[in-house]
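The structure appears below as structure tokens.
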Amino acid sequence: MTSSSPDLLITSSFETVRRKIARACRIAGRDAAEVTLVAVTKTQPDEALDAALAADQRVFGENRVQEARSHWTSRRGTPGLELRLIGPLQTNKVADAVALFDVIETVDRPKLVEVLATEAVKTARDLRVLVQVNTGAEPQKAGVLPEEADALIAQARAVGLTVEGLMCIPPADEAPGLHFALLRKIARRNGLTVLSMGMSGDYEIAIRFGATHVRVGSALFGDRKPAEIHPKD
Ligand SMILES: *Cc1c(COP(=O)(O)O)cnc(C)c1O
């Protein structure tokens, strides 16, 4: 193992995670094509990005607009590339985010909806978004509260954003299943089909609860430094 090059390790990690996704789908009676692996490249070096691209990965998640730009500007032309913002978005970074990302998964407040809608008009973009729900109502965590989600979804639709679905990050110290089920319930009553839920530790569980997008970082690329796991933006 220790003599393997980093990209060989990454290649085999992709094989392992894809195999586990396929198995989780089989167990859940779902078609594996319903689940998209979003490779989370925050804090990763360029070699990791290139190894992922070489392993035919095309859908990527990033937490921070600035880092995403340095990661992806030179690779933006890769055929089939899809970039998804999965970290908090400040309104003063909306223009940069809209310019770079295909999908913004972290829409969580009325003001952000307004600014995104203005930017979408200005740039003549059809803006694909997810609404992030704070399923655990954790004070320190981003996301709209579950009871305010319907109104935010309605607002985003009313101003012309393409709301594709919902995203959540369950509390670290709780079993995630109830949170995934809550997200699915809010999605269903709003007629939404995309569910971005599940990370390295729980993506197989999330698939059981209907995840269509699993966001996986460390299981593909190895552990990040602890201080970088929850970067502040
Ligand atoms: C970092 C991050 C992930 C990936 O986390 P891992 O546990 O490394 O798979 C997924 N989603 C979000 C929002 C993240 O910030």
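Just remember, in the structure tokens the first chain shown is A, the second B, etc., residues are 1-based per chain, and ligands are 1-based in the order shown.
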Exercise. Near Ala156 of chain A, within 9 Å and counting only C-alpha atoms, which residues show up once chain neighbours fewer than 4 positions away are dropped, as an MDAnalysis selection string?
Worked result: chainID A and resid 107 110 113:114 117 129 131 151:152 160:163
Please extract the residues at most 6 Å from ligand 1, counting only C-alpha atoms and all ligand atoms, and provide them as an mmCIF file with N, CA, C and O atoms, in the first residue's frame, using the chain letters and residue numbers of this document.
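Final output, part-v3.cif:
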```cif
data_model
loop_
_atom_site.group_PDB
_atom_site.id
_atom_site.type_symbol
_atom_site.label_atom_id
_atom_site.label_comp_id
_atom_site.auth_asym_id
_atom_site.auth_seq_id
_atom_site.Cartn_x
_atom_site.Cartn_y
_atom_site.Cartn_z
ATOM 1 N N VAL A 40 -16.066 15.307 -3.652
ATOM 2 C CA VAL A 40 -15.813 16.572 -2.951
ATOM 3 C C VAL A 40 -14.306 16.831 -2.895
ATOM 4 O O VAL A 40 -13.567 16.115 -2.225
ATOM 5 N N ASN A 63 -16.630 23.528 -1.467
ATOM 6 C CA ASN A 63 -17.196 24.307 -0.366
ATOM 7 C C ASN A 63 -17.052 25.801 -0.508
ATOM 8 O O ASN A 63 -17.846 26.556 0.020
ATOM 9 N N ILE A 86 -21.316 23.308 -2.536
ATOM 10 C CA ILE A 86 -21.936 22.626 -1.396
ATOM 11 C C ILE A 86 -21.641 23.322 -0.078
ATOM 12 O O ILE A 86 -22.010 22.831 0.983
ATOM 13 N N GLY A 87 -20.949 24.469 -0.135
ATOM 14 C CA GLY A 87 -20.652 25.228 1.083
ATOM 15 C C GLY A 87 -21.473 26.507 1.121
ATOM 16 O O GLY A 87 -22.083 26.899 0.121
ATOM 17 N N MET A 199 -22.613 11.475 3.101
ATOM 18 C CA MET A 199 -21.205 11.803 2.927
ATOM 19 C C MET A 199 -20.415 10.497 3.128
ATOM 20 O O MET A 199 -20.997 9.423 3.130
ATOM 21 N N SER A 200 -19.094 10.600 3.305
ATOM 22 C CA SER A 200 -18.288 9.372 3.371
ATOM 23 C C SER A 200 -18.807 8.374 4.405
ATOM 24 O O SER A 200 -18.803 7.171 4.178
ATOM 25 N N ARG A 215 -22.425 13.082 -1.562
ATOM 26 C CA ARG A 215 -21.260 13.972 -1.606
ATOM 27 C C ARG A 215 -20.114 13.326 -0.827
ATOM 28 O O ARG A 215 -20.139 13.296 0.396
ATOM 29 N N VAL A 216 -19.143 12.801 -1.534
ATOM 30 C CA VAL A 216 -18.117 11.994 -0.880
ATOM 31 C C VAL A 216 -16.736 12.611 -1.089
ATOM 32 O O VAL A 216 -16.323 12.862 -2.224
ATOM 33 N N GLY A 217 -16.058 12.872 0.029
ATOM 34 C CA GLY A 217 -14.710 13.438 -0.028
ATOM 35 C C GLY A 217 -13.664 12.465 0.477
ATOM 36 O O GLY A 217 -12.946 11.827 -0.299
ATOM 37 N N SER A 218 -13.579 12.313 1.798
ATOM 38 C CA SER A 218 -12.454 11.560 2.372
ATOM 39 C C SER A 218 -12.421 10.093 1.951
ATOM 40 O O SER A 218 -11.337 9.518 1.851
ATOM 41 N N ALA A 219 -13.557 9.486 1.683
ATOM 42 C CA ALA A 219 -13.538 8.078 1.244
ATOM 43 C C ALA A 219 -12.901 7.937 -0.142
ATOM 44 O O ALA A 219 -12.458 6.848 -0.513
#
```
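The space between atom CA of Ile104 of chain A and atom CA of Ile153 of chain A spans 13.8 Å.
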Problem set entry | Contact residues around His179 of chain A with only C-alpha atoms at 9 Å, ignoring same-chain residues under 3 positions, as JSON, numbers by chain | {"A": [135, 136, 168, 169, 170, 171, 174, 175, 176, 182, 183, 184]}
For this session: State, in Å with one decimal place, the distance from atom CA of Arg64 of chain A to atom CA of Leu85 of chain A.
Result: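 For atom CA of Arg64 of chain A relative to atom CA of Leu85 of chain A, the distance reads 7.4 Å.
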